Protein chains: 2
Amino acid sequence: MKSDNLFIENKAYELRRLSLIATSQAGSGHLTSCLSAADIVAVLFFYSMRFSVHDPRNSDNDRFILSKGHASALLYAVWQQLGLITEHELLSYRTKNSVLEGHPTPRFSPVLVATGSLGMGLANGVGMSWLARVENHSYCTYVLLGDSELAEGSVWEAVQLAAFYSLSNLVAIVDCNGLGQSGEPMYDHHADAYARMFEAFGWQTYVVDGHDVAALMKVFDEVGANQNGKKPIAIIAKTIKGYGIKQVEEKQGYHGKTFAKKELDGLLDELKKRFPVAAAYQAPNNWQPKPVTTAHHSNNAHHKSIVATTRFKSGEKIAPRKAFGITLAESENENLIVLDAEVKNSTYTELFEKRYSHRFFQAFIAEQALVSVATGIAACGKIPFLATFGAFLTRAHDQIRMAAIGKNALRIAGTHAGVSIGQDGPSQMALEDIAMMRALVDSIVLYPADAVSTQALVNQMIGYNQGISYVRLTREETSVLYDEGEQFYIGGCKVLRKSDADSACIIGAGVTLFEALKAYDMMAAQGKSISVIDLYSVKPFDVQTVFATVVASNNTVLVVEDHYRQGGIGEAIAAALISQMPSLQFMHLAVDTVPHSATAQEQRALQGIDAQAIVHALSNQRS
Amino acid sequence: MKSDNLFIENKAYELRRLSLIATSQAGSGHLTSCLSAADIVAVLFFYSMRFSVHDPRNSDNDRFILSKGHASALLYAVWQQLGLITEHELLSYRTKNSVLEGHPTPRFSPVLVATGSLGMGLANGVGMSWLARVENHSYCTYVLLGDSELAEGSVWEAVQLAAFYSLSNLVAIVDCNGLGQSGEPMYDHHADAYARMFEAFGWQTYVVDGHDVAALMKVFDEVGANQNGKKPIAIIAKTIKGYGIKQVEEKQGYHGKTFAKKELDGLLDELKKRFPVAAAYQAPNNWQPKPVTTAHHSNNAHHKSIVATTRFKSGEKIAPRKAFGITLAESENENLIVLDAEVKNSTYTELFEKRYSHRFFQAFIAEQALVSVATGIAACGKIPFLATFGAFLTRAHDQIRMAAIGKNALRIAGTHAGVSIGQDGPSQMALEDIAMMRALVDSIVLYPADAVSTQALVNQMIGYNQGISYVRLTREETSVLYDEGEQFYIGGCKVLRKSDADSACIIGAGVTLFEALKAYDMMAAQGKSISVIDLYSVKPFDVQTVFATVVASNNTVLVVEDHYRQGGIGEAIAAALISQMPSLQFMHLAVDTVPHSATAQEQRALQGIDAQAIVHALSNQRS
């Protein structure tokens with residue numbers, strides 16, 4: 001059933017109406033950003049896209065990413081109109097127990113990736129459309145961006161990659177409303193300027209009036225016919241911020257502003273008068289979007305290869321980064337996708353590429369895209385494992401943070417850890433990566449010292465789906481410490497040296513474990529005995545074993561780490577041990593879960609960092 | 001004195017020769033990346049640029065940024081040829097005590113900003129050329145980039161900004177050698193493709209043979225004549241990676257590879273045969289670069305305004321972010337430059353802009369550029385203060401890290417801290433910023449709770465020049481706690497509640513301080529007494545006062561923070577307190593200074609994280 005223009009205009013009207021109501025009810029939100037994009041979104045969902053309303057995560061659905069995540073009310077309004085949520089549920093927007101958060105997260109089932117930090121959606125879309133090609137899916141990925149958002153360099157990383165991979169199944173729509181938060185964007189309201197930029201990067205472009213439903217339908221029809229082409233598609237839709245409500249149209253100072261509830265009736269009347277025909281139209285009840293095209297999965301010659309598992313011999317010298325590459329290449333998990341940022345010969349992911357080139361994504365020197373593409377791939381149910389120098393993961397800290405918010409389980413390897421990389425100097429040394437990776441909800445941080453433990457732990461990461469897992473890898477060759485078959489697990493550690501007369505316990509990990517073992521020998525030569533722990537699992541870590549070993553080692557612990565002092569292994573251990581000290585009570589109230597939308601005071605109560613939580617903690621203190 | 005072609009060709013030959021020797025001697029480095037750019041650099045330094053050899057930091061010098069920092073040997077070779085260092089010093093390249101690091105840092109005086117994490121140099125250059133305009137300097141800023149580096153989105157942030165500000169005094173030179181670390185870049189060896197991209201963004205472009213000295217001279221002459229134009233200039237120089245040494249020319253697998261010392265004589269012979277005329281040329285001893293043009297500083301009507309200092313009244317409600325904006329606007333420091341990423345109405349930097357628009361830089365929604373531009377400005381001796389949402393500073397973590405390596409003193413404000421921002425949801429909440437900012441060498445982390453302390457501490461940050469200083473700011477209005485004239489200092493704290501019978505000490509900062517004070521009242525109502533500390537200076541913090549207060553408070557401490565558990569205030573306090581516990585000895589060896597180039601084992605020894613340091617620490621333990 002082909003929808004007619006009036007039906008879509010009615011839907012655009014409804015989206016405006018609902019966005020207005022939802023933001024006024026919430027008392028916060030970005031109404032004017034919803035109003036500029038309402039016609040685009042109406043045409044997309046009620047005319048162009050193929051998807052199942054009642055199965056919003058069906059793998060054959062066309063994908064939609066609201067990169068300009070602040071227009072969240074518009075997205076929720078769409079799903080109210082589609083029947084997934086009621087108008088009553090829509091009115092829970094931005095309140096404490098609602099999944100309709102201020103910026104979209106996958107807690108709301110049609111949302112695949114969290115957005116709200118701008119400039120990431122297009123690279124998420126590159127991941128999804130690249131995957132569609134690899135897996136012979138015919139779904140198309142639509143990404144709606146704001147014009148101000150194009151200032152973010154991460155957008156242009158995605159633009160380059162999409163062109164390089166000829167992703168004509170990716171459509172970027174720029175809501176070119178010519179107004180940012182506090183002023184005009186750099187290219188003002190010049191839709192043609194953006195079109196030239198996308199074209200120069202190898203995209204097919206269209207410039208269209210973003211409020212002309214018929215024109216939008218025509219463009220999307222052309223785009224649909226073009227999806228077997230070679231170029232990704234950018235539609236620059238010239239719009240008016242606040243379109244539909246005269247007093248905010250094209251005006252500064254209304255970004256993130258809502259109307260008071262008492263003004264609502266008058267504004268709803270105004271909206272009706274502005275779009276009388278669309279408002280009066282009675283939309284059919286039985287409307288359904290175009291059906292999805294079910295993928296014909298070709299078992300295209302990627303038969304499971306029988307791969308022998310490398311056995312590392314005790315005493316053998318091998319760099320953990322190389323053991324990592326070998327492990328990936330030997331994984332039998334067919335959902336594993338490995339991603340590189342043009343350092344595959346340093347991280348040894350080239351070993352995986354040689355065996356499974358169709359499951360290898362080259363992101364070039366674009367670490368932000370590396371992470372966002374992986375996030376898009378994770379959101380489609382695959383297992384992305386990305387690797388680059390640990391130092392350069394800082395480049396994608398925001399992207400990693402957003403993946404953690406979206407609960408997209410990325411597996412991340414950071415090589416060239418610490419000062420131990422040597423001559424290349426500080427710019428190439430990961431010295432803050434443990435701090436960065438620990439401070440993510442549900443994250444796992446691993447730091448194996450040798451090839452055997454690397455192999456075991458990397459395989460466990462492939463199976464870890466609850467959050468982001470990170471493995472820190474040494475550049476230099478290290479001796480294999482462990483025997484084949486030795487067990488390692490997330491949250492474990494190894495007590496490598498221990499006696500009845502230890503004067504101290506040394507905790508090391510990675511390169512410093514070898515220094516600790518050397519120190520053990522030097523102390524032994526002086527007739528002194530110490531215990532040594534390999535803390536290969538940094539988060540979580542085995543508090544009980546560490547505490548017991550320290551107590552048995554003269555109540556003395558020395559943590560040695562190739563990382564900045566702050567936020568690393570030492571502070572993690574200090575906080576855990578001090579909580580167990582009978583002579584001092586240490587209580588620490590902090591944020592332990594990904595927060596959602598709620599008022600400030602509700603937030604503090606939910607996280608247990610408010611006055612009530614303080615009083616509660618104190619009332620439970622040991623007397 | 002106009003240099004002739006042969007002179008420059010001789011210099012290019014010498015640069016190749018010295019790059020070869022230096023990298024072979026070091027046994028590491030990126031020779032082929034030096035060889036492709038040798039002619040470009042020879043023309044720049046020995047023909048085009050105006051600078052004082054013996055005063056490489058003269059403020060009128062043309063600026064040069066080696067954005068492709070791995071070609072560091074080439075840069076050091078230039079300065080050997082200019083006479084700043086000897087050939088003997090050049091041979092210390094990449095060794096323990098040398099300032100000639102693997103990737104350039106400002107430890108070597110001609111280097112203004114650290115490079116080596118790719119894609120930042122152009123935005124550093126935007127900062128410098130924007131500043132030249134503001135201050136009526138006539139210097140020109142040249143940035144040498146690699147082609148693979150153009151995949152980094154941060155480059156395109158800088159490209160947009162340079163065009164927006166019409167920075168025709170900024171020249172980007174792309175060393176288009178068509179080979180990356182592990183393969184070809186996305187646009188292969190297509191110089192024209194890059195030219196189209198720059199043009200579409202509003203730049204003037206030239207495509208030139210990067211090994212044709214005469215052609216390069218001609219282009220740079222044209223560029224020199226064009227600097228009063230409106231467009232920034234991109235020169236795409238088509239080059240051959242490894243140019244000059246046949247067996248590595250245009251070949252994969254030689255990125256970051258050096259030749260063994262025993263091969264050196266043969267290779268030097270080959271180089272001489274390849275460039276016989278240039279090699280034989282006797283360069284004059286008395287050559288000097290073109291003299292600098294001394295700036296005519298106009299006191300262009302920016303007379304110091306007499307600004308009254310706002311006095312905040314106890315009990316008054318004002319958001320710390322607003323107090324921050326007011327403080328900036330009232331600063332009398334004329335070197336202060338404030339930078340925004342299009343959220344000036346949220347961070348209140350708009351108050352500064354209104355008063356000092358000529359010292360305000362708008363980076364639009366491009367946080368990476370925000371930080372790199374500020375770094376370029378800091379490198380020119382100014383005092384940049386940048387502000388955005390704390391959450392979005394993660395977007396520029398790598399840029400902040402590089403500024404810390406370069407010891408460029410950035411002042412950074414992160415607003416909208418913690419879950420306490422409320423409805424907007426997790427994407428907008430800074431919850432890892434303290435961890436990120438603490439793990440920087442020489443950084444300062446401040447977190448004032450009210451307007452009075454914000455005002456005092458922001459003024460101290462303006463004066464702090466030893467590293468990066470960060471202030472974390474609350475979005476919501478908070479009550480003014482302190483009286484006018486109250487003293488605050490970096491490393492200080494305030495004990496706000498205290499008695500002789502405290503059962504616990506609560507440590508809060510920012511919003512949680514108010515929760516702690518509420519908890520105090522709730523406990524008091526139960527007849528219980530607790531102490532409360534405002535830990536407004538998180539790094540460094542006042543360990544002595546905290547320890548003494550905890551001991552006097554029943555040996556009980558409760559830290560409450562609006563930040564993830566890891567790397568924040570609680571762990572900082574735990575690590576400090578546990579070190580003071582008589583019942584347990586806690587020693588923590590970690591990296592405390594910015595490392596330099598040295599071997600892995602030397603690095604660990606220098607940072608005190610090797611076996612020897614462990615043994616030393618243990619031998620000093622309390623018996």
# chains A, B, ... in the order shown; residues from 1 in each chain; ligands from 1
$ closest_atom_pairs --of "region 289-371 of chain A" --to "region 459-468 of chain A" --cutoff "12 Å" --atoms "only C-alpha atoms" --output "tab-separated table"
residue	atom	partner	partner_atom	distance
A:Thr309	CA	A:Asn459	CA	11.6
A:Ala323	CA	A:Asn459	CA	11.3
A:Phe324	CA	A:Asn459	CA	9.3
A:Gly325	CA	A:Asn459	CA	11.4
A:Ile326	CA	A:Asn459	CA	11.0
A:Thr327	CA	A:Asn459	CA	7.3
A:Leu328	CA	A:Asn459	CA	8.0
A:Ala329	CA	A:Asn459	CA	11.0
A:Glu330	CA	A:Asn459	CA	9.7
A:Ser331	CA	A:Asn459	CA	7.6
A:Glu332	CA	A:Asn459	CA	10.1
A:Asn333	CA	A:Ile462	CA	8.3
A:Glu334	CA	A:Ile462	CA	11.0
A:Asn335	CA	A:Ile462	CA	9.6
A:Leu336	CA	A:Ile462	CA	7.7
A:Ile337	CA	A:Ile462	CA	10.3
A:Val338	CA	A:Ile462	CA	10.9
A:Val371	CA	A:Ile468	CA	11.4
$ write_last_selection --atoms "all heavy atoms" --output "compact mmCIF listing (two decimals), in the first residue's frame"
# COMPACT_ATOMS: atom_id res chain seq x y z
N THR A 309 44.97 -24.84 17.51
CA THR A 309 45.26 -23.84 18.52
C THR A 309 46.76 -23.87 18.84
O THR A 309 47.31 -24.92 19.15
CB THR A 309 44.46 -24.13 19.80
OG1 THR A 309 43.08 -24.16 19.45
CG2 THR A 309 44.71 -23.07 20.85
N ALA A 323 50.55 -12.83 20.62
CA ALA A 323 49.69 -13.92 21.10
C ALA A 323 48.22 -13.54 20.92
O ALA A 323 47.38 -14.38 20.58
CB ALA A 323 49.99 -14.21 22.56
N PHE A 324 47.95 -12.26 21.08
CA PHE A 324 46.59 -11.74 20.86
C PHE A 324 46.15 -11.96 19.41
O PHE A 324 45.08 -12.50 19.13
CB PHE A 324 46.56 -10.25 21.23
CG PHE A 324 45.45 -9.45 20.61
CD1 PHE A 324 44.13 -9.60 21.05
CD2 PHE A 324 45.71 -8.52 19.60
CE1 PHE A 324 43.11 -8.86 20.48
CE2 PHE A 324 44.70 -7.77 19.03
CZ PHE A 324 43.39 -7.94 19.47
N GLY A 325 47.01 -11.55 18.48
CA GLY A 325 46.69 -11.71 17.06
C GLY A 325 46.49 -13.17 16.68
O GLY A 325 45.57 -13.52 15.94
N ILE A 326 47.34 -14.01 17.22
CA ILE A 326 47.23 -15.45 16.95
C ILE A 326 45.90 -15.98 17.48
O ILE A 326 45.20 -16.74 16.81
CB ILE A 326 48.43 -16.19 17.60
CG1 ILE A 326 49.73 -15.84 16.85
CG2 ILE A 326 48.19 -17.70 17.63
CD1 ILE A 326 51.00 -16.32 17.55
N THR A 327 45.53 -15.54 18.68
CA THR A 327 44.29 -16.02 19.30
C THR A 327 43.07 -15.62 18.49
O THR A 327 42.17 -16.43 18.26
CB THR A 327 44.18 -15.48 20.74
OG1 THR A 327 45.36 -15.82 21.46
CG2 THR A 327 42.97 -16.06 21.45
N LEU A 328 43.03 -14.36 18.04
CA LEU A 328 41.91 -13.93 17.20
C LEU A 328 41.83 -14.80 15.95
O LEU A 328 40.75 -15.26 15.56
CB LEU A 328 42.07 -12.47 16.78
CG LEU A 328 41.91 -11.38 17.83
CD1 LEU A 328 41.97 -10.01 17.17
CD2 LEU A 328 40.59 -11.53 18.60
N ALA A 329 42.98 -15.01 15.33
CA ALA A 329 42.99 -15.75 14.06
C ALA A 329 42.57 -17.20 14.26
O ALA A 329 42.11 -17.85 13.31
CB ALA A 329 44.39 -15.68 13.44
N GLU A 330 42.72 -17.70 15.47
CA GLU A 330 42.36 -19.10 15.72
C GLU A 330 40.98 -19.26 16.34
O GLU A 330 40.55 -20.38 16.61
CB GLU A 330 43.42 -19.73 16.64
CG GLU A 330 44.77 -19.86 15.94
CD GLU A 330 45.89 -20.34 16.85
OE1 GLU A 330 45.67 -20.45 18.07
OE2 GLU A 330 46.97 -20.62 16.31
N SER A 331 40.27 -18.15 16.54
CA SER A 331 38.93 -18.25 17.12
C SER A 331 37.97 -18.89 16.12
O SER A 331 37.97 -18.58 14.93
CB SER A 331 38.40 -16.87 17.50
OG SER A 331 37.05 -16.98 17.89
N GLU A 332 37.16 -19.79 16.61
CA GLU A 332 36.17 -20.44 15.73
C GLU A 332 34.84 -19.71 15.75
O GLU A 332 33.88 -20.15 15.13
CB GLU A 332 36.00 -21.89 16.15
CG GLU A 332 37.26 -22.68 15.89
CD GLU A 332 37.10 -24.16 16.16
OE1 GLU A 332 36.03 -24.57 16.64
OE2 GLU A 332 38.07 -24.89 15.90
N ASN A 333 34.76 -18.60 16.48
CA ASN A 333 33.50 -17.88 16.57
C ASN A 333 33.23 -17.11 15.27
O ASN A 333 33.94 -16.18 14.92
CB ASN A 333 33.55 -16.91 17.76
CG ASN A 333 32.18 -16.38 18.09
OD1 ASN A 333 31.41 -16.01 17.21
ND2 ASN A 333 31.85 -16.38 19.37
N GLU A 334 32.19 -17.52 14.57
CA GLU A 334 31.92 -16.93 13.25
C GLU A 334 31.25 -15.57 13.34
O GLU A 334 31.05 -14.91 12.33
CB GLU A 334 31.08 -17.89 12.42
CG GLU A 334 31.87 -19.14 12.08
CD GLU A 334 31.15 -20.05 11.11
OE1 GLU A 334 29.92 -20.13 11.19
OE2 GLU A 334 31.84 -20.66 10.28
N ASN A 335 30.89 -15.15 14.55
CA ASN A 335 30.33 -13.80 14.71
C ASN A 335 31.40 -12.77 15.02
O ASN A 335 31.11 -11.58 15.13
CB ASN A 335 29.29 -13.80 15.84
CG ASN A 335 28.01 -14.45 15.39
OD1 ASN A 335 27.56 -14.23 14.26
ND2 ASN A 335 27.43 -15.27 16.24
N LEU A 336 32.61 -13.23 15.13
CA LEU A 336 33.71 -12.33 15.47
C LEU A 336 34.07 -11.45 14.25
O LEU A 336 34.28 -11.95 13.15
CB LEU A 336 34.93 -13.15 15.89
CG LEU A 336 36.17 -12.40 16.37
CD1 LEU A 336 35.87 -11.60 17.63
CD2 LEU A 336 37.30 -13.40 16.65
N ILE A 337 34.10 -10.13 14.49
CA ILE A 337 34.51 -9.17 13.47
C ILE A 337 35.70 -8.41 14.07
O ILE A 337 35.59 -7.87 15.17
CB ILE A 337 33.39 -8.15 13.17
CG1 ILE A 337 32.05 -8.83 12.87
CG2 ILE A 337 33.81 -7.16 12.10
CD1 ILE A 337 31.82 -9.24 11.46
N VAL A 338 36.79 -8.35 13.37
CA VAL A 338 37.97 -7.66 13.89
C VAL A 338 38.16 -6.34 13.15
O VAL A 338 38.01 -6.28 11.93
CB VAL A 338 39.22 -8.57 13.79
CG1 VAL A 338 40.48 -7.81 14.18
CG2 VAL A 338 39.04 -9.80 14.68
N VAL A 371 35.83 2.89 16.70
CA VAL A 371 34.97 2.52 17.83
C VAL A 371 33.49 2.61 17.46
O VAL A 371 32.70 1.73 17.79
CB VAL A 371 35.30 3.38 19.06
CG1 VAL A 371 34.29 3.14 20.18
CG2 VAL A 371 36.71 3.08 19.55
$ residues_around --residues "Gln288 (chain A)" --least-positions-apart "5" --cutoff "12 Å" --atoms "only C-alpha atoms" --output "list in words"
Met1, Lys2, Ser3, Phe45, Phe46, Tyr47, Ser48, Met49, Arg50, Phe51, Ser52, Val53, His54, Gln81, Leu82, Gly83 and Ala283 of chain A
$ residues_around --residues "Gln487 (chain B)" --least-positions-apart "2" --cutoff "12 Å" --atoms "only C-alpha atoms" --output "compact mmCIF listing (two decimals) with C-alpha atoms, in the first residue's frame"
# COMPACT_ATOMS: atom_id res chain seq x y z
CA VAL B 452 32.69 32.22 45.96
CA SER B 453 35.06 29.27 45.77
CA THR B 454 34.55 29.03 42.00
CA GLN B 455 35.55 32.65 41.58
CA ALA B 456 38.66 32.27 43.71
CA LEU B 457 39.80 29.03 42.12
CA ASN B 459 41.36 33.10 39.14
CA GLN B 460 44.09 30.81 40.49
CA TYR B 482 31.41 31.12 51.83
CA ASP B 483 31.86 34.71 52.82
CA GLU B 484 33.51 37.23 50.58
CA GLY B 485 37.24 37.22 51.11
CA TYR B 489 44.12 27.61 47.21
CA ILE B 490 45.24 24.79 44.99
CA GLY B 491 45.78 21.88 47.36
CA GLY B 492 43.50 23.22 50.05
CA CYS B 493 40.23 22.12 51.63
CA LYS B 494 37.70 23.43 54.14
CA TYR B 536 37.41 21.63 46.55
$ select_by_dssp --residues "region 171-209 of chain B" --states "alpha helix (DSSP H)" --output "short mmCIF file (atom, residue, chain, number, x, y, z; two decimals) with C-alpha atoms, in the first residue's frame"
data_model
loop_
_atom_site.label_atom_id
_atom_site.label_comp_id
_atom_site.auth_asym_id
_atom_site.auth_seq_id
_atom_site.Cartn_x
_atom_site.Cartn_y
_atom_site.Cartn_z
CA ALA B 191 46.68 14.04 -4.87
CA ASP B 192 43.79 15.54 -6.82
CA ALA B 193 41.26 13.82 -4.59
CA TYR B 194 42.68 15.57 -1.56
CA ALA B 195 42.76 18.89 -3.39
CA ARG B 196 39.05 18.55 -4.19
CA MET B 197 38.29 17.83 -0.53
CA PHE B 198 40.14 20.90 0.73
CA GLU B 199 38.59 23.05 -1.99
CA ALA B 200 35.08 21.93 -1.10
#
$ select_by_dssp --residues "region 277-474 of chain B" --states "strand (DSSP E or B)" --output "ChimeraX atom specification"
/B:290,317-318,336-340,360-362,383-389,411-415,417,430,444-446,469-472
$ residues_around --residues "Lys231 (chain B)" --least-positions-apart "5" --cutoff "9 Å" --atoms "only C-alpha atoms" --output "PyMOL selection string"
chain B and resi 162-170+202-204+226
$ write_last_selection --atoms "N, CA, C and O atoms" --output "PDB file, in the first residue's frame"
ATOM      1  N   ALA B 162      39.592  26.826   9.827  1.00  0.00           N
ATOM      2  CA  ALA B 162      40.524  27.705   9.112  1.00  0.00           C
ATOM      3  C   ALA B 162      39.806  28.453   8.002  1.00  0.00           C
ATOM      4  O   ALA B 162      40.043  29.649   7.779  1.00  0.00           O
ATOM      5  N   ALA B 163      38.917  27.753   7.304  1.00  0.00           N
ATOM      6  CA  ALA B 163      38.161  28.414   6.238  1.00  0.00           C
ATOM      7  C   ALA B 163      37.204  29.438   6.828  1.00  0.00           C
ATOM      8  O   ALA B 163      37.099  30.562   6.332  1.00  0.00           O
ATOM      9  N   PHE B 164      36.541  29.063   7.911  1.00  0.00           N
ATOM     10  CA  PHE B 164      35.571  29.971   8.531  1.00  0.00           C
ATOM     11  C   PHE B 164      36.247  31.274   8.958  1.00  0.00           C
ATOM     12  O   PHE B 164      35.694  32.359   8.790  1.00  0.00           O
ATOM     13  N   TYR B 165      37.456  31.163   9.493  1.00  0.00           N
ATOM     14  CA  TYR B 165      38.166  32.364   9.965  1.00  0.00           C
ATOM     15  C   TYR B 165      39.059  32.984   8.893  1.00  0.00           C
ATOM     16  O   TYR B 165      39.875  33.852   9.201  1.00  0.00           O
ATOM     17  N   SER B 166      38.928  32.502   7.649  1.00  0.00           N
ATOM     18  CA  SER B 166      39.686  33.068   6.514  1.00  0.00           C
ATOM     19  C   SER B 166      41.179  33.153   6.811  1.00  0.00           C
ATOM     20  O   SER B 166      41.825  34.176   6.558  1.00  0.00           O
ATOM     21  N   LEU B 167      41.746  32.084   7.328  1.00  0.00           N
ATOM     22  CA  LEU B 167      43.146  32.106   7.753  1.00  0.00           C
ATOM     23  C   LEU B 167      44.092  31.861   6.579  1.00  0.00           C
ATOM     24  O   LEU B 167      44.660  30.780   6.420  1.00  0.00           O
ATOM     25  N   SER B 168      44.278  32.877   5.780  1.00  0.00           N
ATOM     26  CA  SER B 168      45.181  32.748   4.632  1.00  0.00           C
ATOM     27  C   SER B 168      46.646  32.771   5.084  1.00  0.00           C
ATOM     28  O   SER B 168      47.546  32.590   4.261  1.00  0.00           O
ATOM     29  N   ASN B 169      46.880  32.975   6.353  1.00  0.00           N
ATOM     30  CA  ASN B 169      48.244  32.881   6.907  1.00  0.00           C
ATOM     31  C   ASN B 169      48.549  31.480   7.436  1.00  0.00           C
ATOM     32  O   ASN B 169      49.503  31.283   8.173  1.00  0.00           O
ATOM     33  N   LEU B 170      47.717  30.530   7.038  1.00  0.00           N
ATOM     34  CA  LEU B 170      47.913  29.122   7.425  1.00  0.00           C
ATOM     35  C   LEU B 170      48.129  28.297   6.166  1.00  0.00           C
ATOM     36  O   LEU B 170      47.331  28.377   5.223  1.00  0.00           O
ATOM     37  N   GLY B 202      36.513  25.129   1.254  1.00  0.00           N
ATOM     38  CA  GLY B 202      36.794  26.564   1.175  1.00  0.00           C
ATOM     39  C   GLY B 202      38.262  26.946   1.213  1.00  0.00           C
ATOM     40  O   GLY B 202      38.611  28.088   1.531  1.00  0.00           O
ATOM     41  N   TRP B 203      39.145  26.011   0.878  1.00  0.00           N
ATOM     42  CA  TRP B 203      40.575  26.307   0.859  1.00  0.00           C
ATOM     43  C   TRP B 203      41.047  26.564  -0.566  1.00  0.00           C
ATOM     44  O   TRP B 203      40.465  26.095  -1.528  1.00  0.00           O
ATOM     45  N   GLN B 204      42.143  27.287  -0.653  1.00  0.00           N
ATOM     46  CA  GLN B 204      42.886  27.459  -1.904  1.00  0.00           C
ATOM     47  C   GLN B 204      43.856  26.271  -1.993  1.00  0.00           C
ATOM     48  O   GLN B 204      44.545  25.979  -1.014  1.00  0.00           O
ATOM     49  N   ASN B 226      49.925  35.354  -1.592  1.00  0.00           N
ATOM     50  CA  ASN B 226      48.486  35.174  -1.405  1.00  0.00           C
ATOM     51  C   ASN B 226      48.033  35.367   0.032  1.00  0.00           C
ATOM     52  O   ASN B 226      46.868  35.217   0.351  1.00  0.00           O
TER      53      ASN B 226
END
$ closest_residue --among "A:Leu589, A:Val43, A:Thr549, A:Lys238" --to "Val615 (chain A)" --atoms "only C-alpha atoms"
A:Leu589
$ atom_distance --atom1 "CA of Lys322 (chain B)" --atom2 "CA of Phe352 (chain B)"
11.2 Å
$ residues_around --residues "Ile609 (chain B)" --least-positions-apart "5" --cutoff "8 Å" --atoms "only C-alpha atoms" --output "PyMOL selection string"
(chain A and resi 512+515+560-562) or (chain B and resi 589-591+604+614)
$ closest_residue --among "A:Lys317, A:His88, A:His70, A:Arg17" --to "Phe275 (chain A)" --atoms "only C-alpha atoms"
A:Arg17
$ residues_around --residues "Ala617 (chain A)" --least-positions-apart "2" --cutoff "10 Å" --atoms "only C-alpha atoms" --output "VMD selection string"
(chain A and resid 587 to 589 608 611 to 615 619 to 621) or (chain B and resid 558)
$ atom_distance --atom1 "CA of Lys313 (chain A)" --atom2 "CA of Leu513 (chain A)"
18.5 Å
$ closest_residue --among "B:Phe360, B:Thr474, B:Ala295, B:Thr415" --to "Ile383 (chain B)" --atoms "only C-alpha atoms"
B:Phe360
$ closest_residue --among "A:Ala278, A:Leu150, A:Ala22, A:Val471" --to "Ala260 (chain A)" --atoms "only C-alpha atoms"
A:Ala22
$ residues_around --residues "Val538 (chain B)" --least-positions-apart "6" --cutoff "9 Å" --atoms "only C-alpha atoms" --output "list in words"
Ile434, Arg438, Ile444, Val445, Leu446, Tyr447, Ile490, Gly491, Gly492, Cys493, Ala509, Gly568, Ile569 and Ala572 of chain B
$ closest_residue --among "B:Ala391, B:Ala417, B:Val207, B:Ala172" --to "Val126 (chain B)" --atoms "only C-alpha atoms"
B:Ala172
$ closest_residue --among "A:Leu131, A:Leu351, A:Ala114, A:Glu222" --to "Pro384 (chain A)" --atoms "only C-alpha atoms"
A:Leu131
